[in-house]
Amino acid sequence: MRELIESSRHAVCRIVCRDFDRVGTGFFVRDGGVVVTCNHVVAREELAPDGLVALSYSQNIQVSSAAGTFGGRIAHSLDDLRPYFDDYAILAVDADKHPHLDLGDYAAVHVGDDVLVLGYPLGVEELTATRGMVAAKHQSPSHMNQLIYLDMLTVDAAINVGNSGGPLLDHDGKVVGVVTLRQGSIKPWIDRLRGALRQMPDQPFYREILDLFETSNAFLNPGLGEAVSIGYVEDKLSELGL
Amino acid sequence: MVVLRENYIFTQPGQQAFLAASNYVNYILLGDPGKRSFYLEGRIDKGQFLISGRLYRKDGSMLCEIDNNRVKEASGCKVVPIKPGGYELRTPEDEVHLRLRLRPDENVCLIQGSFYDDSGTLLAEGNERDLRIYKGPAILGKLGFSLGIVIGQ
């Protein structure tokens with residue numbers, strides 16, 4: 001496991017979107033500065049009362065790895081909704097010859113396989129590794145849009161806020177999934193509190209509750225994590241000629 | 001022209017169904033995927049709503065192709081997502097051509113829109129109440145080999 005972490009860690013990066021106040025994880029996948037992360041790390045949804053979604057992407061994406069900090073920009077069309085539905089984003093970064101991860105074969109993954117998660121959870125600036133097992137392989141409604149079904153892996157590795165967009169690695173160190181969310185977390189409550197605070201920013205009580213939730217979220221319920229098949233990213237990379 | 005309103009075809013209140021205008025159906029096929037350019041098919045498979053089709057604009061030009069809910073080929077059509085599930089397909093002029101919308105509380109997937117063939121002929125349209133089928137073929141409801149309402153050409 002130690003060798004696997006050592007050989008992969010330099011390809012994993014921290015993603016910060018200053019304009020959206022978001023932090024997540026990403027990973028380099030090609031020589032020429034191509035980074036993959038979650039769509040929900042770099043995009044923001046604005047919801048109209050009738051449920052229609054207006055999507056906007058961060059204009060200030062920072063990608064930090066052991067090699068330095070780089071500016072990132074969305075590499076696919078901003079009107080292309082497949083990355084949104086499948087919850088991934090492809091970034092172009094001016095970092096040629098950066099260490100990168102190879103993509104694995106989602107179809108070859110089985111329940112019971114060992115997996116490794118690398119990322120930057122809970123605001124930690126040091127790369128964090130957690131390991132686990134594939135607990136389930138399934139097709140489920142996308143958390144971004146329930147009409148779209150995704151090939152997903154449920155893993156019992158610890159996944160927390162900040163892991164989103166990180167690689168799920170198989171025993172060969174190849175990426176088989178993009179870590180996307182945590183099952184059984186109190187994130188929906190946190191989101192609701194954030195929403196309430198946006199509308200009523202001068203409510204210290206809500207702020208205190210939010211702080212408490214955000215701190216305790218990590219400890220209350222380790223839960224299970226979800227990763228979306230790397231196959232969707234692979235298809236888009238081919239389509240873009242990357 | 002056939003007008004369908006407030007029917008339950010091969011489904012019951014509370015069961016998973018498509019809501020085509022005010023008609024609850026477990027299956028819908030407008031057009032013919034084998035013989036015709038235009039078609040729209042909605043089926044339920046293992047609890048999943050699956051919609052496929054080939055859609056045309058009023059002027060007969062192709063709008064887009066949908067394959068199991070995914071917009072496969074879009075000729076300038078705009079996709080606007082709807083929470084918690086579904087999307088609108090809009091023309092470049094921002095007219096809503098097709099609306100697919102999940103209503104998880106009711107276990108239904110709403111289908112609304114106006115459907116044209118590749119010559120620009122209006123074949124079917126649906127609003128909140130009426131599903132109007134101007135020209136077949138169309139099938140509403142399917143259970144094994146049994147078909148519900150079948151409208152010929």
# chains A, B, ... in the order shown; residues from 1 in each chain; ligands from 1

$ residues_around --residues "region 70-76 of chain A" --least-positions-apart "6" --cutoff "12 Å" --atoms "only C-alpha atoms" --output "JSON, numbers by chain"
{"A": [13, 14, 15, 16, 17, 18, 26, 28, 33, 34, 35, 36, 37, 38, 39, 41, 42, 43, 56, 57, 58, 59, 60, 61, 62, 63, 64, 82, 83, 84, 88, 89, 90, 91, 92, 93, 94, 95, 96, 98, 233, 236, 237, 238, 239, 240, 241, 242]}

$ write_last_selection --atoms "N, CA and C atoms" --output "CSV table (one decimal), in the first residue's frame"
chain,number,residue,atom,x,y,z
A,13,CYS,N,-3.9,16.4,-6.8
A,13,CYS,CA,-3.8,17.8,-6.6
A,13,CYS,C,-5.0,18.3,-5.8
A,14,ARG,N,-4.8,19.5,-5.2
A,14,ARG,CA,-5.9,20.1,-4.4
A,14,ARG,C,-6.5,21.2,-5.3
A,15,ILE,N,-7.8,21.2,-5.3
A,15,ILE,CA,-8.5,22.2,-6.2
A,15,ILE,C,-9.2,23.2,-5.3
A,16,VAL,N,-9.0,24.5,-5.6
A,16,VAL,CA,-9.6,25.6,-4.8
A,16,VAL,C,-10.3,26.5,-5.8
A,17,CYS,N,-11.6,26.7,-5.6
A,17,CYS,CA,-12.3,27.7,-6.4
A,17,CYS,C,-12.6,28.9,-5.5
A,18,ARG,N,-11.8,29.9,-5.6
A,18,ARG,CA,-12.0,31.0,-4.6
A,18,ARG,C,-13.3,31.8,-4.8
A,26,GLY,N,-8.4,16.7,-7.1
A,26,GLY,CA,-8.3,16.4,-8.5
A,26,GLY,C,-7.1,15.5,-8.8
A,28,PHE,N,-4.2,14.4,-12.1
A,28,PHE,CA,-3.7,14.6,-13.4
A,28,PHE,C,-3.8,13.2,-14.2
A,33,GLY,N,-1.0,18.3,-18.9
A,33,GLY,CA,-1.7,19.1,-17.9
A,33,GLY,C,-3.2,19.0,-18.0
A,34,VAL,N,-3.7,17.7,-18.0
A,34,VAL,CA,-5.1,17.5,-18.0
A,34,VAL,C,-5.5,17.0,-16.6
A,35,VAL,N,-6.4,17.7,-15.9
A,35,VAL,CA,-6.8,17.3,-14.6
A,35,VAL,C,-8.3,16.9,-14.6
A,36,VAL,N,-8.6,15.9,-13.8
A,36,VAL,CA,-10.0,15.5,-13.6
A,36,VAL,C,-10.4,15.8,-12.2
A,37,THR,N,-11.6,16.3,-12.0
A,37,THR,CA,-12.2,16.5,-10.7
A,37,THR,C,-13.7,16.3,-10.8
A,38,CYS,N,-14.4,16.6,-9.7
A,38,CYS,CA,-15.9,16.5,-9.7
A,38,CYS,C,-16.4,17.8,-10.3
A,39,ASN,N,-17.5,17.7,-11.0
A,39,ASN,CA,-18.2,18.9,-11.5
A,39,ASN,C,-18.7,19.8,-10.4
A,41,VAL,N,-17.4,20.4,-7.7
A,41,VAL,CA,-16.3,21.2,-7.1
A,41,VAL,C,-16.1,22.5,-7.8
A,42,VAL,N,-16.2,22.5,-9.1
A,42,VAL,CA,-15.9,23.7,-9.9
A,42,VAL,C,-17.1,24.4,-10.5
A,43,ALA,N,-18.3,23.8,-10.3
A,43,ALA,CA,-19.5,24.4,-10.9
A,43,ALA,C,-20.5,24.8,-9.8
A,56,SER,N,-23.1,27.5,-13.6
A,56,SER,CA,-22.0,28.4,-13.9
A,56,SER,C,-20.7,27.8,-13.4
A,57,TYR,N,-19.6,28.0,-14.1
A,57,TYR,CA,-18.3,27.4,-13.7
A,57,TYR,C,-17.5,28.5,-13.1
A,58,SER,N,-16.6,28.0,-12.2
A,58,SER,CA,-15.7,28.9,-11.5
A,58,SER,C,-14.7,29.6,-12.5
A,59,GLN,N,-14.5,30.8,-12.2
A,59,GLN,CA,-13.5,31.6,-13.1
A,59,GLN,C,-12.2,31.7,-12.4
A,60,ASN,N,-12.1,31.1,-11.2
A,60,ASN,CA,-10.9,31.2,-10.5
A,60,ASN,C,-10.5,29.8,-9.9
A,61,ILE,N,-10.0,29.0,-10.7
A,61,ILE,CA,-9.7,27.6,-10.3
A,61,ILE,C,-8.2,27.5,-10.0
A,62,GLN,N,-7.8,27.1,-8.8
A,62,GLN,CA,-6.4,26.9,-8.5
A,62,GLN,C,-6.1,25.4,-8.3
A,63,VAL,N,-5.1,25.0,-9.0
A,63,VAL,CA,-4.7,23.5,-8.9
A,63,VAL,C,-3.4,23.5,-8.2
A,64,SER,N,-3.3,22.9,-7.0
A,64,SER,CA,-2.0,22.8,-6.3
A,64,SER,C,-1.6,21.3,-6.2
A,82,ARG,N,-23.1,16.7,-20.2
A,82,ARG,CA,-22.8,15.4,-19.8
A,82,ARG,C,-21.9,15.4,-18.5
A,83,PRO,N,-20.8,16.2,-18.5
A,83,PRO,CA,-20.0,16.3,-17.3
A,83,PRO,C,-20.8,16.7,-16.0
A,84,TYR,N,-21.8,17.5,-16.2
A,84,TYR,CA,-22.6,17.9,-15.1
A,84,TYR,C,-23.4,16.7,-14.6
A,88,TYR,N,-18.4,15.0,-13.3
A,88,TYR,CA,-16.9,15.2,-13.5
A,88,TYR,C,-16.7,16.5,-14.2
A,89,ALA,N,-15.5,17.0,-14.1
A,89,ALA,CA,-15.0,18.1,-14.9
A,89,ALA,C,-13.6,17.8,-15.4
A,90,ILE,N,-13.3,18.3,-16.6
A,90,ILE,CA,-11.9,18.1,-17.1
A,90,ILE,C,-11.3,19.5,-17.2
A,91,LEU,N,-10.2,19.7,-16.5
A,91,LEU,CA,-9.5,21.0,-16.5
A,91,LEU,C,-8.2,20.9,-17.3
A,92,ALA,N,-7.9,22.1,-17.9
A,92,ALA,CA,-6.7,22.2,-18.6
A,92,ALA,C,-5.8,23.1,-17.7
A,93,VAL,N,-4.6,22.6,-17.5
A,93,VAL,CA,-3.6,23.3,-16.6
A,93,VAL,C,-2.3,23.4,-17.3
A,94,ASP,N,-1.7,24.6,-17.1
A,94,ASP,CA,-0.4,24.8,-17.8
A,94,ASP,C,0.7,24.1,-17.0
A,95,ALA,N,0.7,22.8,-17.1
A,95,ALA,CA,1.7,22.0,-16.3
A,95,ALA,C,2.1,20.8,-17.1
A,96,ASP,N,2.9,21.0,-18.2
A,96,ASP,CA,3.4,19.9,-19.0
A,96,ASP,C,4.2,19.0,-18.3
A,98,HIS,N,3.7,16.8,-16.1
A,98,HIS,CA,3.3,16.6,-14.7
A,98,HIS,C,3.1,15.1,-14.5
A,233,VAL,N,-15.3,9.6,-17.9
A,233,VAL,CA,-14.2,10.5,-18.1
A,233,VAL,C,-13.4,10.1,-19.3
A,236,LYS,N,-15.1,11.1,-22.5
A,236,LYS,CA,-15.0,12.5,-22.8
A,236,LYS,C,-13.6,12.9,-23.2
A,237,LEU,N,-12.6,12.3,-22.6
A,237,LEU,CA,-11.2,12.6,-23.0
A,237,LEU,C,-11.0,12.2,-24.4
A,238,SER,N,-11.5,11.0,-24.8
A,238,SER,CA,-11.3,10.6,-26.2
A,238,SER,C,-12.0,11.6,-27.2
A,239,GLU,N,-13.3,12.0,-26.8
A,239,GLU,CA,-14.0,12.9,-27.6
A,239,GLU,C,-13.3,14.3,-27.8
A,240,LEU,N,-12.6,14.7,-26.7
A,240,LEU,CA,-11.9,15.9,-26.8
A,240,LEU,C,-10.5,15.8,-27.4
A,241,GLY,N,-10.1,14.5,-27.7
A,241,GLY,CA,-8.8,14.3,-28.3
A,241,GLY,C,-7.7,14.4,-27.3
A,242,LEU,N,-8.0,14.2,-26.0
A,242,LEU,CA,-6.9,14.3,-25.0
A,242,LEU,C,-6.4,13.0,-24.6

$ interface_residues --of "chain B" --to "chain A" --cutoff "9 Å" --atoms "only C-alpha atoms" --output "PyMOL selection string"
chain B and resi 48-50+68-71+78-88+100-102+109

$ select_by_dssp --residues "region 43-122 of chain A" --states "helix (DSSP H, G or I)" --output "PyMOL selection string"
chain A and resi 82-86+106-108+121-122

$ residues_around --residues "region 3-7 of chain B" --least-positions-apart "6" --cutoff "7 Å" --atoms "only C-alpha atoms" --output "list in words"
Ser22, Asn23, Tyr24, Arg129, Asp130, Leu131, Arg132 and Ile133 of chain B

$ write_last_selection --atoms "N, CA and C atoms" --output "PDB file, in the first residue's frame"
ATOM      1  N   SER B  22     -52.312  14.175 -19.147  1.00  0.00           N
ATOM      2  CA  SER B  22     -52.919  13.703 -17.890  1.00  0.00           C
ATOM      3  C   SER B  22     -53.095  12.185 -17.896  1.00  0.00           C
ATOM      4  N   ASN B  23     -52.382  11.504 -18.787  1.00  0.00           N
ATOM      5  CA  ASN B  23     -52.520  10.045 -18.918  1.00  0.00           C
ATOM      6  C   ASN B  23     -51.347   9.320 -18.267  1.00  0.00           C
ATOM      7  N   TYR B  24     -51.670   8.381 -17.395  1.00  0.00           N
ATOM      8  CA  TYR B  24     -50.638   7.586 -16.733  1.00  0.00           C
ATOM      9  C   TYR B  24     -50.460   6.287 -17.531  1.00  0.00           C
ATOM     10  N   ARG B 129     -53.271  18.742 -19.786  1.00  0.00           N
ATOM     11  CA  ARG B 129     -54.485  17.927 -19.761  1.00  0.00           C
ATOM     12  C   ARG B 129     -54.588  16.916 -20.899  1.00  0.00           C
ATOM     13  N   ASP B 130     -54.442  17.403 -22.107  1.00  0.00           N
ATOM     14  CA  ASP B 130     -54.732  16.552 -23.273  1.00  0.00           C
ATOM     15  C   ASP B 130     -53.466  16.097 -23.994  1.00  0.00           C
ATOM     16  N   LEU B 131     -53.482  14.823 -24.335  1.00  0.00           N
ATOM     17  CA  LEU B 131     -52.467  14.323 -25.257  1.00  0.00           C
ATOM     18  C   LEU B 131     -53.167  14.191 -26.607  1.00  0.00           C
ATOM     19  N   ARG B 132     -52.750  14.975 -27.561  1.00  0.00           N
ATOM     20  CA  ARG B 132     -53.378  14.948 -28.886  1.00  0.00           C
ATOM     21  C   ARG B 132     -52.449  14.238 -29.852  1.00  0.00           C
ATOM     22  N   ILE B 133     -52.969  13.211 -30.461  1.00  0.00           N
ATOM     23  CA  ILE B 133     -52.173  12.487 -31.453  1.00  0.00           C
ATOM     24  C   ILE B 133     -52.827  12.724 -32.811  1.00  0.00           C
TER      25      ILE B 133
END

$ select_by_dssp --residues "region 20-136 of chain B" --states "strand (DSSP E or B)" --output "PyMOL selection string"
chain B and resi 20+23-25+27-31+39-45+48-56+62-67+70-74+78-82+86-90+96-103+108-116+122-126+131-133

$ atom_distance --atom1 "CA of Gly119 (chain A)" --atom2 "CA of Asn163 (chain A)"
4.9 Å

$ residues_around --residues "region 151-158 of chain A" --least-positions-apart "2" --cutoff "6 Å" --atoms "only C-alpha atoms" --output "PyMOL selection string"
chain A and resi 130-139+224-229

$ closest_residue --among "B:Phe10, B:Ile111, B:Lys72, B:Asn127" --to "Glu41 (chain B)" --atoms "only C-alpha atoms"
B:Ile111

$ atom_distance --atom1 "CA of His40 (chain A)" --atom2 "CA of Ala66 (chain A)"
23.6 Å

$ residues_around --residues "region 106-109 of chain A" --least-positions-apart "2" --cutoff "8 Å" --atoms "only C-alpha atoms" --output "PyMOL selection string"
chain A and resi 104+111+113+170+176-177+229-231
